[in-house]
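Here's the structure, in structure tokens; my notes come after.
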Amino acid sequence: MDTPGSPVIVLVDDEDMVVTSIKSFLTLETDYEVVGFTAATKALEHIENNRVDVVVSDYLMPEMDGISFLAKVKEVQPEATRILLTGYADKENAIKAINDVGLYQYIEKPWENEDLKIVLRNGLEKRLLMKRLEDKIKEVNKAHGELMSLQNDILKAFA
């Protein structure tokens, strides 16, 4: 990603068992740095002060719903990949959130660990590719600026 080190995954679910379960699985199966929260406000504080690559949030939480939370994540770290965990009954809301908060994907509860791992890996790949694209765009814009400056210098020299 944009700084060295393991990819950082933030998990947010008001059920401690869900956070512990996913965190344990990912810690055993991947090299990701996994940070878990049971409160959306605490997770936002962390996200405001730390680099995050992927955020996985539950949809139904008491403080704020997952869509509102992910919208705030988008404001703070728009480049972070956003994934929503949702129960089957909330699937329609999850689909609506794809456009509203730039949701990368939603995962239905109960989830399959291997499916979750694939979604996270693909989400991280998207994050990396977007970062590379942004870097290339900056390079092209810089080169364009240098060319325009050179063109102006040449025009001044012959004017």
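Following the order of the structure tokens, chains are lettered A, B, ..., residues in each are numbered from 1, and ligands are numbered from 1.
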Exercise: Ile22 (chain A) partners within 8 Å, only C-alpha atoms, chain neighbours under 4 positions left out, as number ranges by chain: A: 18, 26, 113
Residues of region 50-78 of chain A at most 9 Å from region 82-95 of chain A: nearest atom pair and distance in Å, only C-alpha atoms, as a tab-separated table:
residue	atom	partner	partner_atom	distance
A:Asp53	CA	A:Arg82	CA	8.8
A:Val54	CA	A:Arg82	CA	5.9
A:Val55	CA	A:Arg82	CA	5.0
A:Val56	CA	A:Ile83	CA	4.7
A:Ser57	CA	A:Leu84	CA	5.0
A:Asp58	CA	A:Leu85	CA	4.5
A:Tyr59	CA	A:Thr86	CA	5.3
A:Leu60	CA	A:Thr86	CA	7.5
A:Gly66	CA	A:Leu84	CA	6.8
A:Ile67	CA	A:Leu84	CA	7.7
A:Leu70	CA	A:Arg82	CA	6.7
A:Val73	CA	A:Arg82	CA	8.1
A:Lys74	CA	A:Arg82	CA	8.0
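All residues in chain A with a DSSP state of strand (DSSP E), computed from the backbone, read Val8, Ile9, Val10, Leu11, Val12, Glu33, Val34, Val35, Gly36, Phe37, Val54, Val55, Val56, Ser57, Asp58, Thr81, Arg82, Ile83, Leu84, Leu85, Thr86, Gln105, Tyr106, Ile107 and Glu108 of chain A.
Closest approach to Glu112 (chain A) among A:Glu33, A:Ile9, A:Phe25, A:Thr20: A:Phe25, based on only C-alpha atoms.
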Could you pull out all residues of chain A with a DSSP call of alpha helix (DSSP H) and give them as number ranges by chain? A: 16-29, 40-49, 66-76, 91-100, 113-158
Using only C-alpha atoms, which of A:Ala39, A:Ile47, A:Ile118, A:Leu103 sits nearest Asp16 (chain A)? A:Ala39
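Remark: for His46 (chain A), the closest of the candidate residues A:Thr81, A:Asp13, A:Val8, A:Leu28 is A:Val8 (distances computed over only C-alpha atoms).
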If we count only C-alpha atoms, what is near Val52 (chain A) at a cut-off of 12 Å, once residues fewer than 5 positions away on the same chain are taken out, given as a ChimeraX atom specification? /A:1-3,5-11,32-35,43-47,73-74,76-82,124,127
Close residues, Glu15 (chain A) itself excluded, 9 Å, only C-alpha atoms, min 4 positions apart in chain, as a list in words: Val19, Thr20, Thr38 and Met61 of chain A
What would the file look like if the residues just selected were written as a PDB file, in the first residue's frame with N, CA and C atoms?
ATOM      1  N   VAL A  19     -16.144 -10.159  16.139  1.00  0.00           N
ATOM      2  CA  VAL A  19     -14.832  -9.517  15.991  1.00  0.00           C
ATOM      3  C   VAL A  19     -13.724 -10.509  16.343  1.00  0.00           C
ATOM      4  N   THR A  20     -13.875 -11.191  17.463  1.00  0.00           N
ATOM      5  CA  THR A  20     -12.861 -12.159  17.917  1.00  0.00           C
ATOM      6  C   THR A  20     -12.711 -13.294  16.919  1.00  0.00           C
ATOM      7  N   THR A  38     -15.747  -2.994  18.849  1.00  0.00           N
ATOM      8  CA  THR A  38     -17.167  -3.293  19.040  1.00  0.00           C
ATOM      9  C   THR A  38     -17.993  -2.005  19.055  1.00  0.00           C
ATOM     10  N   MET A  61     -25.784  -2.004  14.101  1.00  0.00           N
ATOM     11  CA  MET A  61     -25.048  -1.714  15.328  1.00  0.00           C
ATOM     12  C   MET A  61     -25.818  -0.639  16.080  1.00  0.00           C
TER      13      MET A  61
END
Just the number, please: distance in Å from CA of Ser68 (chain A) to CA of Ala40 (chain A), one decimal. 9.7 Å
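From CA of Asn141 (chain A) back to CA of Gly123 (chain A), the distance works out to 26.9 Å.
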As a check of understanding: the span from CA of Met17 (chain A) to CA of Lys109 (chain A) is 13.1 Å
